[in-house]
Amino acid sequence: MQAETVTLYRPVGQQELDLVVDSGFRKFPPRLPTQPIFYPVLNEEYATQIARDWNAKQNNPKVGYVTRFRVRTDYLDQFEIHTVGARIHKEYWIPAEELEEFNANIIGNIEVISEYRGE
């Protein structure tokens with residue numbers, strides 16, 4: 001019997017993507033000390049906005065990617081969904097110290113589904 005899953009998205013820059021690739025597309029890297037929360041988002045449109053309008057403009061190099069992955073529903077049930085703007089701006093707030101367990105509940109691989117380049 002397969003576990004029920006939720007499809008989530010994560011906008012990332014080049015450095016974070018490189019670490020995802022190094023993991024074999026199986027996990028997200030630990031958060032930096034200044035990043036106490038990991039923010040996976042609930043829809044591709046919101047992830048695209050961040051990757052295109054933030055990562056591809058503010059990061060160095062100026063590139064943003066949208067990743068897609070599935071997480072066990074029974075694990076995610078312990079976290080609230082937060083709306084942080086318009087109704088499409090929904091995300092989970094995963095404490096940094098929970099990221100290892102979050103990664104253990106990813107089913108399958110993390111996929112890169114789009115790329116955006118800035119000028």
# chains A, B, ... in the order shown; residues from 1 in each chain; ligands from 1
>>> select_by_dssp(residues="segment 3-45 of chain A", states="strand (DSSP E)", output="JSON, numbers by chain")
{"A": [5, 6, 7, 8, 9, 10, 11, 12, 37, 38]}
>>> residues_around(residues="Asp18 of chain A", least_positions_apart="4", cutoff="12 Å", atoms="only C-alpha atoms", output="list in words")
Val12, Gly13, Gln14, Asp22, Ser23, Gly24, Phe25, Lys27, Phe28, Pro29, Gly64, Tyr65 and Val112 of chain A
>>> write_last_selection(atoms="N, CA, C and O atoms", output="PDB file, in the first residue's frame")
ATOM      1  N   VAL A  12      14.232  27.610  -5.628  1.00  0.00           N
ATOM      2  CA  VAL A  12      15.612  27.579  -5.140  1.00  0.00           C
ATOM      3  C   VAL A  12      16.519  28.345  -6.097  1.00  0.00           C
ATOM      4  O   VAL A  12      16.232  28.467  -7.285  1.00  0.00           O
ATOM      5  N   GLY A  13      17.632  28.804  -5.554  1.00  0.00           N
ATOM      6  CA  GLY A  13      18.691  29.391  -6.362  1.00  0.00           C
ATOM      7  C   GLY A  13      19.708  28.316  -6.730  1.00  0.00           C
ATOM      8  O   GLY A  13      19.551  27.135  -6.380  1.00  0.00           O
ATOM      9  N   GLN A  14      20.758  28.732  -7.415  1.00  0.00           N
ATOM     10  CA  GLN A  14      21.758  27.767  -7.899  1.00  0.00           C
ATOM     11  C   GLN A  14      22.458  27.032  -6.772  1.00  0.00           C
ATOM     12  O   GLN A  14      22.645  25.821  -6.853  1.00  0.00           O
ATOM     13  N   ASP A  22      23.614  17.183  -5.284  1.00  0.00           N
ATOM     14  CA  ASP A  22      24.611  16.390  -4.548  1.00  0.00           C
ATOM     15  C   ASP A  22      23.968  15.307  -3.692  1.00  0.00           C
ATOM     16  O   ASP A  22      24.583  14.274  -3.429  1.00  0.00           O
ATOM     17  N   SER A  23      22.730  15.515  -3.262  1.00  0.00           N
ATOM     18  CA  SER A  23      22.029  14.519  -2.446  1.00  0.00           C
ATOM     19  C   SER A  23      21.382  13.423  -3.300  1.00  0.00           C
ATOM     20  O   SER A  23      20.697  12.555  -2.762  1.00  0.00           O
ATOM     21  N   GLY A  24      21.562  13.502  -4.607  1.00  0.00           N
ATOM     22  CA  GLY A  24      20.890  12.556  -5.492  1.00  0.00           C
ATOM     23  C   GLY A  24      19.428  12.916  -5.693  1.00  0.00           C
ATOM     24  O   GLY A  24      18.616  12.045  -5.972  1.00  0.00           O
ATOM     25  N   PHE A  25      19.085  14.187  -5.549  1.00  0.00           N
ATOM     26  CA  PHE A  25      17.710  14.682  -5.673  1.00  0.00           C
ATOM     27  C   PHE A  25      16.792  14.068  -4.612  1.00  0.00           C
ATOM     28  O   PHE A  25      15.616  13.858  -4.836  1.00  0.00           O
ATOM     29  N   LYS A  27      17.054  15.177  -1.008  1.00  0.00           N
ATOM     30  CA  LYS A  27      16.797  16.002   0.176  1.00  0.00           C
ATOM     31  C   LYS A  27      17.246  17.443  -0.048  1.00  0.00           C
ATOM     32  O   LYS A  27      18.056  17.739  -0.916  1.00  0.00           O
ATOM     33  N   PHE A  28      16.688  18.303   0.808  1.00  0.00           N
ATOM     34  CA  PHE A  28      17.066  19.705   0.822  1.00  0.00           C
ATOM     35  C   PHE A  28      18.173  19.899   1.855  1.00  0.00           C
ATOM     36  O   PHE A  28      18.210  19.193   2.866  1.00  0.00           O
ATOM     37  N   PRO A  29      19.081  20.852   1.603  1.00  0.00           N
ATOM     38  CA  PRO A  29      20.211  21.031   2.517  1.00  0.00           C
ATOM     39  C   PRO A  29      19.792  21.683   3.829  1.00  0.00           C
ATOM     40  O   PRO A  29      18.754  22.359   3.896  1.00  0.00           O
ATOM     41  N   GLY A  64      16.810  31.158 -11.027  1.00  0.00           N
ATOM     42  CA  GLY A  64      15.883  30.568 -10.076  1.00  0.00           C
ATOM     43  C   GLY A  64      15.272  29.315 -10.676  1.00  0.00           C
ATOM     44  O   GLY A  64      15.046  29.255 -11.890  1.00  0.00           O
ATOM     45  N   TYR A  65      15.044  28.336  -9.857  1.00  0.00           N
ATOM     46  CA  TYR A  65      14.454  27.070 -10.288  1.00  0.00           C
ATOM     47  C   TYR A  65      13.218  26.788  -9.437  1.00  0.00           C
ATOM     48  O   TYR A  65      13.166  27.168  -8.270  1.00  0.00           O
ATOM     49  N   VAL A 112      13.324  19.173 -10.847  1.00  0.00           N
ATOM     50  CA  VAL A 112      13.372  20.562 -11.300  1.00  0.00           C
ATOM     51  C   VAL A 112      12.371  20.656 -12.450  1.00  0.00           C
ATOM     52  O   VAL A 112      12.487  19.943 -13.450  1.00  0.00           O
TER      53      VAL A 112
END
>>> select_by_dssp(residues="chain A", states="alpha helix (DSSP H)", output="PyMOL selection string")
chain A and resi 14-22+44-50+56-58+73-76+99-104
>>> residues_around(residues="Asp53 of chain A", least_positions_apart="4", cutoff="12 Å", atoms="only C-alpha atoms", output="number ranges by chain")
A: 11-13, 45-49, 57-59, 62-66, 115-119
>>> atom_distance(atom1="atom CA of Tyr92 of chain A", atom2="atom CA of Tyr9 of chain A")
10.5 Å
>>> residues_around(residues="segment 34-42 of chain A", least_positions_apart="3", cutoff="9 Å", atoms="only C-alpha atoms", output="PDB file with C-alpha atoms, in the first residue's frame")
ATOM      1  CA  VAL A   6       1.015  15.969  -0.899  1.00  0.00           C
ATOM      2  CA  THR A   7       2.816  17.560  -3.834  1.00  0.00           C
ATOM      3  CA  LEU A   8       4.841  20.581  -2.762  1.00  0.00           C
ATOM      4  CA  TYR A   9       7.090  23.066  -4.541  1.00  0.00           C
ATOM      5  CA  ARG A  10      10.246  24.871  -3.534  1.00  0.00           C
ATOM      6  CA  PRO A  11      11.819  27.800  -5.392  1.00  0.00           C
ATOM      7  CA  ARG A  31      19.264  25.724   6.783  1.00  0.00           C
ATOM      8  CA  GLU A  45       2.257  29.448  -9.404  1.00  0.00           C
ATOM      9  CA  TYR A  46       3.561  30.762  -6.082  1.00  0.00           C
ATOM     10  CA  ALA A  47       6.891  28.925  -6.475  1.00  0.00           C
ATOM     11  CA  ILE A  81      -0.643  25.908   6.242  1.00  0.00           C
ATOM     12  CA  ILE A  88      -2.174  31.442  -3.774  1.00  0.00           C
ATOM     13  CA  HIS A  89       0.607  32.338  -1.322  1.00  0.00           C
ATOM     14  CA  LYS A  90       0.298  29.229   0.839  1.00  0.00           C
ATOM     15  CA  GLU A  91       3.251  27.562   2.487  1.00  0.00           C
ATOM     16  CA  TYR A  92       4.287  25.308   5.315  1.00  0.00           C
ATOM     17  CA  TRP A  93       6.663  26.600   7.975  1.00  0.00           C
ATOM     18  CA  ILE A  94       9.013  23.745   8.851  1.00  0.00           C
ATOM     19  CA  PRO A  95      11.430  24.572  11.715  1.00  0.00           C
ATOM     20  CA  ALA A  96      15.056  24.171  10.608  1.00  0.00           C
ATOM     21  CA  GLU A  97      15.642  21.499  13.241  1.00  0.00           C
ATOM     22  CA  GLU A  98      12.849  19.412  11.628  1.00  0.00           C
ATOM     23  CA  LEU A  99      14.350  19.474   8.127  1.00  0.00           C
TER      24      LEU A  99
END
>>> atom_distance(atom1="atom CA of Pro30 of chain A", atom2="atom CA of Ser114 of chain A")
22.7 Å
>>> closest_residue(among="A:Gly85, A:Asp74, A:Arg26, A:Arg68", to="Glu100 of chain A", atoms="only C-alpha atoms")
A:Arg26
